[in-house]
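> Take a look at upload.cif, mmCIF, C-alpha atoms and all ligand atoms:
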data_query
loop_
_atom_site.label_atom_id
_atom_site.label_comp_id
_atom_site.auth_asym_id
_atom_site.auth_seq_id
_atom_site.Cartn_x
_atom_site.Cartn_y
_atom_site.Cartn_z
CA MET G 1 26.58 -3.83 10.88
CA ASP G 2 26.94 -3.34 7.12
CA PHE G 3 24.77 -0.60 5.65
CA ASN G 4 26.07 -1.13 2.11
CA LEU G 5 23.87 -2.87 -0.43
CA ASN G 6 25.31 -6.00 -2.01
CA GLU G 7 25.32 -6.44 -5.79
CA GLN G 8 21.89 -8.08 -5.96
CA GLU G 9 20.33 -5.52 -3.61
CA GLN G 10 21.81 -2.66 -5.64
CA MET G 11 20.38 -4.18 -8.81
CA ILE G 12 16.94 -4.44 -7.22
CA TYR G 13 17.17 -0.83 -6.01
CA GLU G 14 18.04 0.30 -9.54
CA TYR G 15 15.27 -1.72 -11.19
CA GLY G 16 12.94 1.29 -11.27
CA GLN G 17 15.49 3.27 -13.32
CA ASN G 18 15.71 0.45 -15.84
CA LEU G 19 11.95 -0.03 -15.99
CA ALA G 20 11.58 3.69 -16.67
CA LYS G 21 13.48 3.26 -19.96
CA ASP G 22 10.37 1.46 -21.29
CA PHE G 23 7.68 2.69 -18.92
CA ASP G 24 8.53 6.09 -17.52
CA ARG G 25 6.64 8.53 -15.35
CA ALA G 26 4.96 10.00 -18.45
CA TYR G 27 3.46 6.56 -19.17
CA TRP G 28 2.26 6.30 -15.55
CA VAL G 29 0.82 9.84 -15.61
CA ASN G 30 -1.04 9.09 -18.83
CA CYS G 31 -2.55 5.98 -17.20
CA ALA G 32 -3.45 8.04 -14.12
CA GLU G 33 -5.13 10.77 -16.14
CA THR G 34 -7.12 8.35 -18.25
CA ARG G 35 -7.82 6.10 -15.26
CA ALA G 36 -6.42 3.13 -17.17
CA PHE G 37 -4.62 0.38 -15.31
CA PRO G 38 -0.95 0.28 -16.42
CA THR G 39 -1.33 -3.24 -17.77
CA GLU G 40 1.82 -3.41 -19.92
CA MET G 41 3.99 -2.04 -17.12
CA TYR G 42 2.46 -4.44 -14.60
CA LYS G 43 3.09 -7.37 -16.97
CA LYS G 44 6.69 -6.33 -17.43
CA VAL G 45 7.22 -5.99 -13.66
CA ALA G 46 5.66 -9.46 -13.25
CA GLN G 47 7.82 -10.97 -15.99
CA ASP G 48 10.90 -9.54 -14.31
CA GLY G 49 9.93 -11.38 -11.13
CA PHE G 50 8.92 -8.42 -8.97
CA VAL G 51 5.16 -8.95 -8.49
CA GLY G 52 5.98 -12.18 -6.68
CA ILE G 53 9.19 -10.90 -5.16
CA MET G 54 8.36 -12.33 -1.71
CA VAL G 55 6.52 -15.44 -2.88
CA PRO G 56 8.47 -18.72 -2.54
CA GLU G 57 10.19 -19.90 -5.72
CA ALA G 58 8.20 -23.16 -5.61
CA TYR G 59 5.07 -21.10 -6.36
CA GLY G 60 6.50 -18.92 -9.11
CA GLY G 61 7.96 -16.15 -6.95
CA ALA G 62 11.47 -14.84 -6.40
CA GLY G 63 11.65 -16.10 -2.80
CA LEU G 64 13.19 -12.88 -1.53
CA GLY G 65 12.40 -10.91 1.62
CA MET G 66 10.90 -7.65 2.82
CA PHE G 67 14.27 -5.88 2.59
CA GLU G 68 14.41 -6.56 -1.16
CA MET G 69 10.74 -5.57 -1.46
CA VAL G 70 11.56 -2.22 0.17
CA LEU G 71 14.49 -1.61 -2.17
CA PHE G 72 12.30 -2.45 -5.17
CA GLN G 73 9.47 -0.14 -4.05
CA GLU G 74 11.83 2.70 -3.17
CA GLY G 75 13.47 2.34 -6.57
CA LEU G 76 10.15 2.51 -8.41
CA SER G 77 8.99 5.59 -6.52
CA ASN G 78 12.43 7.22 -6.87
CA VAL G 79 11.57 7.55 -10.57
CA GLY G 80 8.02 8.74 -9.87
CA ILE G 81 6.15 5.45 -10.32
CA PRO G 82 4.22 4.64 -7.13
CA LEU G 83 2.34 1.47 -8.17
CA LEU G 84 -0.26 1.14 -5.39
CA SER G 85 -1.80 -1.96 -6.98
CA LEU G 86 1.48 -3.72 -6.31
CA VAL G 87 1.21 -2.87 -2.63
CA VAL G 88 -2.44 -3.35 -1.73
CA GLY G 89 -3.19 -5.92 -4.40
CA ALA G 90 -0.27 -8.20 -5.04
CA THR G 91 1.63 -7.98 -1.77
CA MET G 92 -1.31 -7.86 0.61
CA SER G 93 -2.94 -10.84 -1.09
CA LEU G 94 -0.17 -13.12 -2.33
CA GLY G 95 1.62 -12.95 1.05
CA PRO G 96 -1.32 -14.19 3.15
CA ILE G 97 -2.24 -16.86 0.56
CA GLY G 98 1.37 -18.09 0.66
CA ASP G 99 1.37 -18.14 4.45
CA HIS G 100 -2.13 -19.48 5.16
CA GLY G 101 -3.48 -21.01 1.95
CA THR G 102 -4.10 -24.71 1.37
CA GLU G 103 -1.85 -26.39 -1.19
CA GLU G 104 -4.72 -26.19 -3.68
CA GLN G 105 -5.16 -22.44 -3.08
CA LYS G 106 -1.43 -21.81 -3.41
CA GLN G 107 -1.30 -23.70 -6.71
CA LYS G 108 -4.36 -21.91 -8.02
CA TYR G 109 -3.45 -18.33 -7.10
CA LEU G 110 0.27 -17.87 -6.54
CA PRO G 111 1.96 -18.79 -9.86
CA ALA G 112 -0.71 -16.91 -11.86
CA GLY G 113 -0.53 -13.94 -9.46
CA CYS G 114 3.27 -13.78 -9.72
CA ALA G 115 3.05 -13.96 -13.53
CA GLY G 116 0.65 -11.01 -13.54
CA ASP G 117 -2.12 -13.16 -15.07
CA LEU G 118 -4.34 -12.76 -11.99
CA ARG G 119 -4.81 -9.51 -10.11
CA PHE G 120 -5.98 -9.20 -6.52
CA CYS G 121 -7.40 -6.53 -4.26
CA PHE G 122 -7.75 -6.42 -0.49
CA ALA G 123 -11.05 -5.39 1.09
CA ILE G 124 -11.13 -4.35 4.74
CA THR G 125 -12.68 -0.88 4.98
CA GLU G 126 -16.42 -0.57 5.58
CA PRO G 127 -18.45 2.64 5.43
CA ASP G 128 -19.77 2.35 9.00
CA ALA G 129 -16.84 0.71 10.79
CA GLY G 130 -14.13 2.90 9.22
CA THR G 131 -10.85 2.75 11.13
CA ASN G 132 -12.48 0.52 13.75
CA THR G 133 -12.18 -2.77 11.85
CA MET G 134 -13.45 -4.64 14.92
CA ARG G 135 -16.89 -3.25 14.12
CA ALA G 136 -16.96 -4.76 10.64
CA THR G 137 -20.40 -6.09 9.79
CA THR G 138 -19.72 -7.81 6.46
CA MET G 139 -20.70 -11.35 7.46
CA ILE G 140 -20.56 -14.92 6.26
CA LYS G 141 -23.41 -17.13 7.54
CA GLU G 142 -23.62 -20.93 7.16
CA ASP G 143 -26.41 -22.04 4.84
CA GLY G 144 -26.73 -25.53 6.32
CA ASN G 145 -24.99 -27.32 3.42
CA GLY G 146 -21.42 -26.68 4.50
CA ARG G 147 -21.35 -23.47 2.52
CA TYR G 148 -21.85 -19.81 3.45
CA LYS G 149 -23.60 -16.69 2.23
CA LEU G 150 -21.58 -13.47 2.21
CA ASN G 151 -23.45 -10.20 2.79
CA GLY G 152 -22.28 -6.65 3.49
CA ARG G 153 -20.45 -3.68 2.07
CA LYS G 154 -16.85 -2.57 1.60
CA THR G 155 -15.63 0.81 0.46
CA PHE G 156 -12.60 2.48 -1.17
CA ILE G 157 -11.33 -0.86 -2.47
CA THR G 158 -8.45 -0.18 -4.84
CA ASP G 159 -8.55 -1.85 -8.28
CA ALA G 160 -11.57 -3.97 -7.30
CA LYS G 161 -13.13 -4.04 -10.76
CA GLY G 162 -9.87 -4.81 -12.55
CA SER G 163 -8.97 -7.55 -10.08
CA ASP G 164 -9.80 -11.19 -10.62
CA TYR G 165 -10.01 -12.02 -6.92
CA MET G 166 -10.33 -10.11 -3.69
CA LEU G 167 -9.39 -11.00 -0.16
CA VAL G 168 -12.41 -9.95 1.89
CA VAL G 169 -12.19 -9.51 5.64
CA THR G 170 -15.52 -10.77 6.99
CA ARG G 171 -17.01 -11.73 10.30
CA ASN G 172 -18.57 -15.13 10.93
CA VAL G 173 -19.75 -13.96 14.36
CA HIS G 174 -21.22 -10.49 14.90
CA HIS G 175 -18.99 -8.19 16.95
CA SER G 176 -21.68 -7.89 19.64
CA GLU G 177 -21.54 -11.65 20.27
CA VAL G 178 -17.81 -12.34 20.57
CA GLU G 179 -15.86 -12.81 23.78
CA ARG G 180 -12.75 -11.04 22.50
CA LYS G 181 -13.19 -8.39 19.85
CA THR G 182 -10.59 -10.09 17.64
CA ASP G 183 -12.62 -13.34 17.59
CA GLY G 184 -14.99 -14.28 14.81
CA PHE G 185 -13.11 -12.91 11.77
CA THR G 186 -12.77 -14.92 8.56
CA VAL G 187 -10.81 -13.98 5.45
CA CYS G 188 -12.38 -15.14 2.18
CA ILE G 189 -10.86 -15.34 -1.30
CA VAL G 190 -13.70 -14.18 -3.54
CA ASP G 191 -13.98 -14.20 -7.33
CA THR G 192 -14.83 -10.59 -8.19
CA LYS G 193 -17.21 -11.82 -10.93
CA SER G 194 -19.29 -13.95 -8.50
CA PRO G 195 -23.08 -13.57 -8.69
CA GLY G 196 -24.31 -11.19 -5.97
CA ILE G 197 -21.40 -8.72 -6.22
CA GLU G 198 -22.04 -5.17 -7.34
CA MET G 199 -19.43 -2.40 -7.60
CA GLN G 200 -19.72 1.36 -7.83
CA PRO G 201 -16.70 3.51 -8.64
CA ILE G 202 -15.71 6.25 -6.18
CA ASP G 203 -14.30 9.36 -7.80
CA VAL G 204 -11.23 10.29 -5.72
CA SER G 205 -9.25 13.51 -6.22
CA ILE G 206 -5.91 11.73 -6.51
CA SER G 207 -4.31 11.22 -9.85
CA ILE G 208 -3.48 7.49 -9.79
CA PRO G 209 -4.25 4.78 -12.37
CA GLU G 210 -6.00 2.50 -9.86
CA MET G 211 -9.71 3.18 -9.33
CA GLN G 212 -11.49 2.80 -5.98
CA TYR G 213 -14.86 1.05 -5.57
CA GLN G 214 -17.67 0.56 -3.15
CA ILE G 215 -18.63 -3.13 -3.18
CA PHE G 216 -21.99 -4.67 -2.24
CA PHE G 217 -22.22 -8.38 -1.39
CA ASP G 218 -25.68 -9.91 -1.62
CA ASP G 219 -25.82 -13.63 -0.73
CA VAL G 220 -22.51 -14.38 -2.44
CA ASP G 221 -21.80 -18.14 -2.34
CA ILE G 222 -18.72 -19.03 -0.27
CA GLY G 223 -17.40 -22.57 0.05
CA PRO G 224 -14.55 -24.09 2.02
CA GLU G 225 -12.37 -23.52 -1.05
CA ASN G 226 -12.87 -19.75 -0.56
CA ILE G 227 -11.83 -19.65 3.09
CA LEU G 228 -8.25 -18.56 3.76
CA GLY G 229 -6.93 -20.22 6.92
CA GLU G 230 -9.58 -21.16 9.46
CA VAL G 231 -13.10 -19.86 9.93
CA GLY G 232 -13.01 -17.51 12.93
CA LYS G 233 -9.20 -17.14 12.90
CA GLY G 234 -9.02 -14.41 10.24
CA PHE G 235 -7.82 -11.70 12.59
CA ASP G 236 -4.43 -13.37 12.88
CA ILE G 237 -4.07 -13.17 9.07
CA LEU G 238 -5.13 -9.53 9.11
CA PHE G 239 -2.79 -8.68 11.96
CA GLU G 240 0.20 -10.28 10.20
CA SER G 241 -0.45 -8.20 7.09
CA LEU G 242 -0.39 -4.83 8.85
CA ASN G 243 3.36 -4.44 9.39
CA PRO G 244 4.28 -5.44 5.80
CA GLU G 245 1.78 -2.92 4.43
CA ARG G 246 3.20 -0.13 6.59
CA ILE G 247 6.80 -0.97 5.71
CA ILE G 248 6.12 -1.10 1.97
CA LEU G 249 4.16 2.15 1.96
CA SER G 250 7.00 3.82 3.86
CA ALA G 251 9.26 2.81 0.98
CA VAL G 252 6.78 4.30 -1.52
CA CYS G 253 6.77 7.58 0.46
CA THR G 254 10.55 7.92 0.71
CA GLY G 255 10.90 7.19 -3.00
CA LEU G 256 8.30 9.79 -3.92
CA GLY G 257 10.08 12.34 -1.74
CA ARG G 258 13.37 11.61 -3.49
CA TYR G 259 11.73 11.93 -6.88
CA ALA G 260 10.30 15.35 -6.00
CA MET G 261 13.60 16.58 -4.57
CA GLY G 262 15.61 15.32 -7.52
CA ARG G 263 13.36 17.25 -9.87
CA ALA G 264 13.65 20.36 -7.66
CA VAL G 265 17.43 20.22 -7.46
CA ASP G 266 17.73 20.06 -11.27
CA TYR G 267 15.33 22.95 -11.64
CA ALA G 268 16.81 25.10 -8.87
CA ASN G 269 20.34 24.68 -10.27
CA ASP G 270 19.13 25.77 -13.67
CA ARG G 271 16.58 28.49 -13.04
CA VAL G 272 18.19 31.93 -12.71
CA VAL G 273 16.31 34.77 -11.04
CA PHE G 274 18.07 37.92 -9.75
CA ASP G 275 21.27 36.86 -11.53
CA ARG G 276 21.86 33.56 -9.73
CA PRO G 277 20.36 30.06 -9.68
CA ILE G 278 17.46 30.01 -7.24
CA GLY G 279 19.01 26.94 -5.57
CA ALA G 280 21.56 29.31 -4.04
CA TYR G 281 18.87 31.01 -1.97
CA GLN G 282 18.79 29.44 1.47
CA ALA G 283 15.05 30.00 1.72
CA LEU G 284 14.76 27.28 -0.93
CA GLN G 285 17.90 25.31 -0.10
CA HIS G 286 17.29 24.74 3.60
CA PRO G 287 13.76 23.29 3.32
CA LEU G 288 15.10 20.93 0.63
CA ALA G 289 18.09 19.97 2.80
CA LYS G 290 15.79 19.40 5.79
CA ALA G 291 13.45 17.26 3.71
CA LYS G 292 16.39 15.26 2.34
CA THR G 293 17.51 14.58 5.91
CA GLU G 294 14.00 13.50 6.95
CA ILE G 295 13.62 11.25 3.90
CA GLU G 296 16.92 9.46 4.46
CA MET G 297 16.16 9.03 8.18
CA ALA G 298 12.74 7.57 7.33
CA SER G 299 14.35 5.32 4.73
CA LEU G 300 16.82 4.02 7.31
CA MET G 301 13.99 3.19 9.73
CA THR G 302 12.04 1.53 6.90
CA ARG G 303 15.00 -0.67 6.06
CA LYS G 304 15.47 -1.54 9.73
CA ALA G 305 11.80 -2.53 10.00
CA ALA G 306 12.19 -4.67 6.85
CA TRP G 307 15.33 -6.31 8.22
CA LEU G 308 13.60 -7.13 11.52
CA PHE G 309 10.62 -8.55 9.61
CA ASP G 310 12.92 -10.80 7.58
CA GLN G 311 14.63 -12.02 10.79
CA ARG G 312 11.13 -12.83 12.13
CA LEU G 313 11.76 -10.39 14.96
CA SER G 314 9.17 -8.01 16.35
CA CYS G 315 8.94 -4.99 14.02
CA GLY G 316 5.68 -3.28 15.05
CA ALA G 317 7.41 -0.27 16.59
CA GLU G 318 9.72 0.26 13.61
CA ALA G 319 7.00 -0.37 11.00
CA ASN G 320 4.75 2.24 12.59
CA MET G 321 7.52 4.78 13.17
CA SER G 322 8.78 4.42 9.62
CA LYS G 323 5.25 4.83 8.22
CA TYR G 324 4.68 8.00 10.26
CA ALA G 325 8.11 9.46 9.48
CA ALA G 326 8.01 8.58 5.78
CA ALA G 327 4.53 10.04 5.24
CA GLU G 328 5.58 13.31 6.95
CA ALA G 329 8.93 13.44 5.15
CA SER G 330 7.41 12.92 1.71
CA MET G 331 4.92 15.74 2.33
CA HIS G 332 7.74 18.06 3.39
CA ALA G 333 9.86 17.02 0.40
CA ILE G 334 7.07 17.65 -2.09
CA ASP G 335 6.19 20.97 -0.48
CA ALA G 336 9.81 22.17 -0.52
CA SER G 337 10.13 21.04 -4.14
CA LEU G 338 6.91 22.72 -5.20
CA GLN G 339 8.18 26.03 -3.85
CA CYS G 340 11.27 25.85 -6.06
CA PHE G 341 9.18 25.51 -9.19
CA GLY G 342 7.21 28.72 -8.58
CA GLY G 343 4.18 28.86 -10.86
CA ASN G 344 5.51 26.00 -13.00
CA GLY G 345 5.04 23.63 -10.05
CA PHE G 346 1.29 23.93 -10.48
CA THR G 347 1.25 23.05 -14.18
CA LYS G 348 0.46 19.66 -15.64
CA GLU G 349 3.64 19.95 -17.72
CA TYR G 350 5.92 19.99 -14.66
CA GLY G 351 3.66 17.66 -12.64
CA ILE G 352 4.93 18.55 -9.17
CA PHE G 353 1.65 19.56 -7.55
CA ASP G 354 0.18 16.23 -8.72
CA LEU G 355 2.56 14.42 -6.35
CA TYR G 356 0.94 16.10 -3.39
CA PRO G 357 -2.38 14.17 -3.09
CA ILE G 358 -0.77 10.75 -3.30
CA ALA G 359 1.77 11.57 -0.58
CA ARG G 360 -0.98 13.14 1.50
CA LEU G 361 -3.07 9.97 1.14
CA MET G 362 -0.42 8.11 3.13
CA LYS G 363 -1.32 10.16 6.22
CA THR G 364 -4.89 8.83 5.98
CA ALA G 365 -4.74 5.41 4.35
CA PRO G 366 -4.31 2.53 4.80
CA LEU G 367 -3.99 3.60 8.39
CA ASN G 368 -4.22 7.21 9.48
CA SER G 369 -1.26 8.81 11.24
CA GLU G 370 -3.32 9.25 14.40
CA MET G 371 -3.73 5.49 14.77
CA VAL G 372 -0.02 5.07 14.07
CA LEU G 373 0.77 7.53 16.87
CA ASN G 374 -1.79 5.78 19.11
CA PHE G 375 0.16 2.56 18.55
CA ILE G 376 3.49 4.18 19.34
CA GLY G 377 2.12 5.96 22.43
CA GLU G 378 0.42 2.88 23.81
CA HIS G 379 2.47 -0.11 22.70
CA VAL G 380 5.95 1.35 22.36
CA MET G 381 5.94 3.96 25.14
CA GLY G 382 3.48 2.44 27.61
CA LEU G 383 1.00 5.34 27.73
CA PRO G 384 -2.71 4.73 28.43
CA ARG G 385 -4.96 3.84 25.51
CA SER G 386 -6.79 6.91 24.30
CA TYR G 387 -9.76 5.41 22.43
C1 LIG P 401 -7.36 6.25 -2.47
C2 LIG P 401 -7.76 5.29 -1.37
C3 LIG P 401 -7.48 3.94 -1.53
C4 LIG P 401 -7.90 3.02 -0.57
N1 LIG P 401 -7.69 1.67 -0.78
C5 LIG P 401 -8.21 0.76 0.09
C6 LIG P 401 -8.16 -0.65 -0.18
O1 LIG P 401 -7.65 -1.09 -1.22
N2 LIG P 401 -8.70 -1.50 0.72
C7 LIG P 401 -9.30 -1.08 1.87
O2 LIG P 401 -9.76 -1.91 2.65
N3 LIG P 401 -9.39 0.25 2.17
C8 LIG P 401 -8.86 1.19 1.30
N4 LIG P 401 -8.96 2.53 1.58
C9 LIG P 401 -9.66 2.98 2.78
C10 LIG P 401 -8.71 3.56 3.84
O3 LIG P 401 -7.92 2.53 4.38
C11 LIG P 401 -9.58 4.27 4.88
O4 LIG P 401 -10.14 5.42 4.25
C12 LIG P 401 -8.78 4.66 6.09
O5 LIG P 401 -8.42 3.50 6.80
C13 LIG P 401 -9.57 5.57 7.03
O6 LIG P 401 -10.84 5.03 7.31
P1 LIG P 401 -12.12 5.96 7.13
O7 LIG P 401 -12.06 6.58 5.78
O8 LIG P 401 -13.34 5.17 7.45
O9 LIG P 401 -11.93 7.10 8.22
P2 LIG P 401 -12.57 7.17 9.67
O10 LIG P 401 -12.44 5.88 10.39
O11 LIG P 401 -13.91 7.78 9.59
O12 LIG P 401 -11.56 8.20 10.38
C14 LIG P 401 -11.55 9.59 10.02
C15 LIG P 401 -10.40 10.26 10.74
O13 LIG P 401 -10.63 10.19 12.15
C16 LIG P 401 -9.39 10.09 12.83
N5 LIG P 401 -9.46 8.95 13.76
C17 LIG P 401 -10.21 7.83 13.64
N6 LIG P 401 -10.03 7.04 14.71
C18 LIG P 401 -9.15 7.67 15.53
C19 LIG P 401 -8.58 7.38 16.83
N7 LIG P 401 -8.86 6.26 17.50
N8 LIG P 401 -7.68 8.27 17.33
C20 LIG P 401 -7.40 9.42 16.68
N9 LIG P 401 -7.92 9.77 15.48
C21 LIG P 401 -8.78 8.90 14.92
C22 LIG P 401 -8.30 9.94 11.77
O14 LIG P 401 -7.68 11.20 11.55
C23 LIG P 401 -9.06 9.57 10.52
O15 LIG P 401 -8.40 10.03 9.35
C24 LIG P 401 -8.54 3.47 0.62
C25 LIG P 401 -8.80 4.85 0.79
C26 LIG P 401 -8.43 5.74 -0.19
C27 LIG P 401 -8.78 7.20 0.00
#
Starting from the file, give its structure as structure tokens.
Ligand SMILES: Cc1cc2nc3c(=O)[nH]c(=O)nc-3n(C[C@H](O)[C@H](O)[C@H](O)COP(=O)(O)OP(=O)(O)OC[C@H]3O[C@@H](n4cnc5c(N)ncnc54)[C@H](O)[C@@H]3O)c2cc1C

Amino acid sequence: MDFNLNEQEQMIYEYGQNLAKDFDRAYWVNCAETRAFPTEMYKKVAQDGFVGIMVPEAYGGAGLGMFEMVLFQEGLSNVGIPLLSLVVGATMSLGPIGDHGTEEQKQKYLPAGCAGDLRFCFAITEPDAGTNTMRATTMIKEDGNGRYKLNGRKTFITDAKGSDYMLVVTRNVHHSEVERKTDGFTVCIVDTKSPGIEMQPIDVSISIPEMQYQIFFDDVDIGPENILGEVGKGFDILFESLNPERIILSAVCTGLGRYAMGRAVDYANDRVVFDRPIGAYQALQHPLAKAKTEIEMASLMTRKAAWLFDQRLSCGAEANMSKYAAAEASMHAIDASLQCFGGNGFTKEYGIFDLYPIARLMKTAPLNSEMVLNFIGEHVMGLPRSY
């Protein structure tokens, strides 16, 4: 097995460094603090072919795989640019449309999505159902004319207002009436400006450019052209999107960890207290070395999961393990780095403490670490289901 990156893979991995020459972390931080979507950066990433990195070339994408996606995301986060809209919006939406859309839907959404002219968000979470997606109550009901009315509520939807379209996970049969709890789901592609949609921003304590919204659907008109795949078969689409999301977010976490550690190493080599650089003190050096080990191990598992995904082999175990390991490792890396910076770590100027909430988010969303461990316990190790 060859663990070396080939020339193209290396170039993709280094893309973040090149992007940072025009759009660096300071640009991203400024967008985060003003809650402004990083439009110019997103456009540039799209122009360079990375928004549609996994979309087939026939629809305006680069036609590459999950392994390249992971390298790209790691590279971006390595320089401190974790673009969540690229993960939850572009990847989570363009992928399913490419896999399950009609020819008309693919032509309408994919080339414009890859070019960065259309933005997407992905709406699963509901206030009452929470982690238990099976209990979703956002419903589509036939109106007798071959069309549907969409009603319900979604919450914490990233970049909903800035997006042109959203993929909404709905039910066409109430959960109390289905034979199997995975029956009766339908994924709809909804124009965010449709009559009957209202959005309220949610003020989250994480410094990221993308805003989160609660969305209310009141008799929103849905036609066959809005249905992705088949009515009632939406769970399969949802299920297929879970491993990619976990793998890509693992890459974001390992990159963020590397960014924090890189900053800490520079600082700890430079900062002299008690006549020697603080990096010489093992109380600082060992936590950093441990975190570095954890990050690289998580990165290896992430790349394995991506490789399996690209070979169309089962990757659920690896996707979940990498997500768990990467989220933990990035927290440890940021914590070890923060300690090196002393008081400076807490200042806006140094910006280390600000990395903490975004890494911590990955232990809760899109899927909390407890559910990841539940999966590993039950499906990988054969232990009884706990919930
Ligand atoms: C910044 C941000 C961005 C987000 N973006 C999106 C988005 O774009 N689209 C979208 O659909 N959602 C999004 N979410 C929502 C996110 O996916 C959910 O918050 C997350 O899945 C947890 O659901 P919940 O908040 O309802 O927690 P709950 O379901 O109420 O769970 C609370 C806690 O209970 C524990 N728990 C729950 N069930 C179990 C169990 N069976 N075993 C053990 N422990 C358990 C976990 O620790 C969990 O953290 C976002 C959230 C945030 C904060």
> Where does chain G meet ligand LIG 401 (chain P) within 9 Å, residue by residue, with the nearest atom pair and distance in Å to one decimal for each, counting all atoms listed in the file, listed by chain and rising number, as CSV?

residue,atom,partner,partner_atom,distance
G:Leu84,CA,P:LIG401,C3,8.7
G:Ser85,CA,P:LIG401,O1,8.3
G:Val88,CA,P:LIG401,O1,5.7
G:Gly89,CA,P:LIG401,O1,7.3
G:Cys121,CA,P:LIG401,O1,6.2
G:Phe122,CA,P:LIG401,N2,5.2
G:Ala123,CA,P:LIG401,O2,4.0
G:Ile124,CA,P:LIG401,O2,3.5
G:Thr125,CA,P:LIG401,O2,3.9
G:Glu126,CA,P:LIG401,O8,6.8
G:Pro127,CA,P:LIG401,O8,6.0
G:Asp128,CA,P:LIG401,O8,7.2
G:Ala129,CA,P:LIG401,O8,6.6
G:Gly130,CA,P:LIG401,O8,3.0
G:Thr131,CA,P:LIG401,O10,3.6
G:Asn132,CA,P:LIG401,O10,6.3
G:Thr133,CA,P:LIG401,O10,8.8
G:Lys154,CA,P:LIG401,O2,7.2
G:Thr155,CA,P:LIG401,N3,6.5
G:Phe156,CA,P:LIG401,C24,4.5
G:Ile157,CA,P:LIG401,O1,3.9
G:Thr158,CA,P:LIG401,O1,3.8
G:Asp159,CA,P:LIG401,O1,7.2
G:Ala160,CA,P:LIG401,O1,7.8
G:Val168,CA,P:LIG401,O2,8.5
G:Val169,CA,P:LIG401,O2,8.5
G:Val204,CA,P:LIG401,C1,6.5
G:Ser205,CA,P:LIG401,C1,8.4
G:Ile206,CA,P:LIG401,C1,7.0
G:Ile208,CA,P:LIG401,C1,8.4
G:Glu210,CA,P:LIG401,C1,8.4
G:Met211,CA,P:LIG401,C1,7.9
G:Gln212,CA,P:LIG401,C3,6.1
G:Tyr213,CA,P:LIG401,N1,8.6
G:Ile358,CA,P:LIG401,C1,8.0
G:Leu361,CA,P:LIG401,C27,6.4
G:Met362,CA,P:LIG401,C27,9.0
G:Lys363,CA,P:LIG401,O15,7.7
G:Thr364,CA,P:LIG401,O15,5.0
G:Ala365,CA,P:LIG401,O3,4.3
G:Pro366,CA,P:LIG401,O3,3.6
G:Leu367,CA,P:LIG401,O5,4.7
G:Asn368,CA,P:LIG401,O15,5.0
G:Ser369,CA,P:LIG401,O14,6.9
G:Glu370,CA,P:LIG401,C20,4.7
G:Met371,CA,P:LIG401,N8,5.5
G:Val372,CA,P:LIG401,N8,8.9
G:Leu373,CA,P:LIG401,C20,8.4
G:Asn374,CA,P:LIG401,N8,6.6
G:Ser386,CA,P:LIG401,N7,7.1
G:Tyr387,CA,P:LIG401,N7,5.1
> Measuring atom to atom with all atoms listed in the file, identify which of G:Pro209, G:Gln47, G:Arg360, G:Thr138 is nearest to Ala32 (chain G).
G:Pro209
> Between CA of His379 (chain G) and CA of Ile237 (chain G), what is the distance, to one decimal in Å?
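Here the two named atoms are 20.0 Å from each other.
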> I need the residue nearest Trp28 (chain G) from this list: G:Gln214, G:Ser77, G:Ser194, G:Ser163. Use all atoms listed in the file for the distance.
G:Ser77
> When you count all atoms listed in the file, which of these residues is closest to Gly342 (chain G): G:Ala291, G:Leu284, G:Ile197, G:Met92?
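Counting all atoms listed in the file, the residue closest to Gly342 (chain G) is G:Leu284.
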> Could you put an axis-aligned box around every listed atom of region 202-216 of chain G, padded by 6 Å on each side, and send me its centre and edge lengths in Å to one decimal, as lines of an AutoDock Vina configuration file?

center_x = -12.7
center_y = 4.4
center_z = -7.3
size_x = 30.5
size_y = 30.2
size_z = 22.1
> What is the distance, in Å and to one decimal place, between CA of Met321 (chain G) and CA of Met301 (chain G)?
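These two atoms are separated by 7.5 Å.
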> List the neighbours of Gln73 (chain G) out to 7 Å using all atoms listed in the file; skip same-chain residues closer than 4 positions along the sequence, and give me the result as a VMD selection string.
chain G and resid 69 77 248 251 to 252
> Write out as a tab-separated table the residues of region 221-308 of chain G that have any atom within 9 Å of an atom of region 332-339 of chain G, one row each with the nearest atom pair and its distance in Å to one decimal, counting only C-alpha atoms, sorted by chain and then rising number.

residue	atom	partner	partner_atom	distance
G:Leu256	CA	G:Ile334	CA	8.2
G:Gly257	CA	G:Ala333	CA	5.2
G:Arg258	CA	G:Ala333	CA	7.5
G:Tyr259	CA	G:Ile334	CA	8.8
G:Ala260	CA	G:Ile334	CA	5.6
G:Met261	CA	G:Ser337	CA	5.7
G:Gly262	CA	G:Ser337	CA	8.6
G:Arg263	CA	G:Ser337	CA	7.6
G:Ala264	CA	G:Ser337	CA	5.0
G:Val265	CA	G:Ser337	CA	8.1
G:Leu284	CA	G:Ala336	CA	7.1
G:Gln285	CA	G:Ala336	CA	8.7
G:His286	CA	G:Ala336	CA	8.9
G:Pro287	CA	G:Ala336	CA	5.6
G:Leu288	CA	G:Ala336	CA	5.6
G:Lys290	CA	G:Ala333	CA	8.4
G:Ala291	CA	G:Ala333	CA	4.9
G:Lys292	CA	G:Ala333	CA	7.0
G:Glu294	CA	G:Ala333	CA	8.5
G:Ile295	CA	G:Ala333	CA	7.7
> Between CA of Gly223 (chain G) and CA of Ala112 (chain G), what distance in Å does the model show, to one decimal?
21.3 Å
> Can you pull out the residues contacting Gly196 (chain G)? Cut-off 12 Å, using all atoms listed in the file, and skip same-chain residues under 4 positions away; I want them as JSON, numbers by chain.
{"G": [149, 150, 151, 152, 153, 190, 191, 192, 215, 216, 217, 218, 219, 220, 221, 222]}
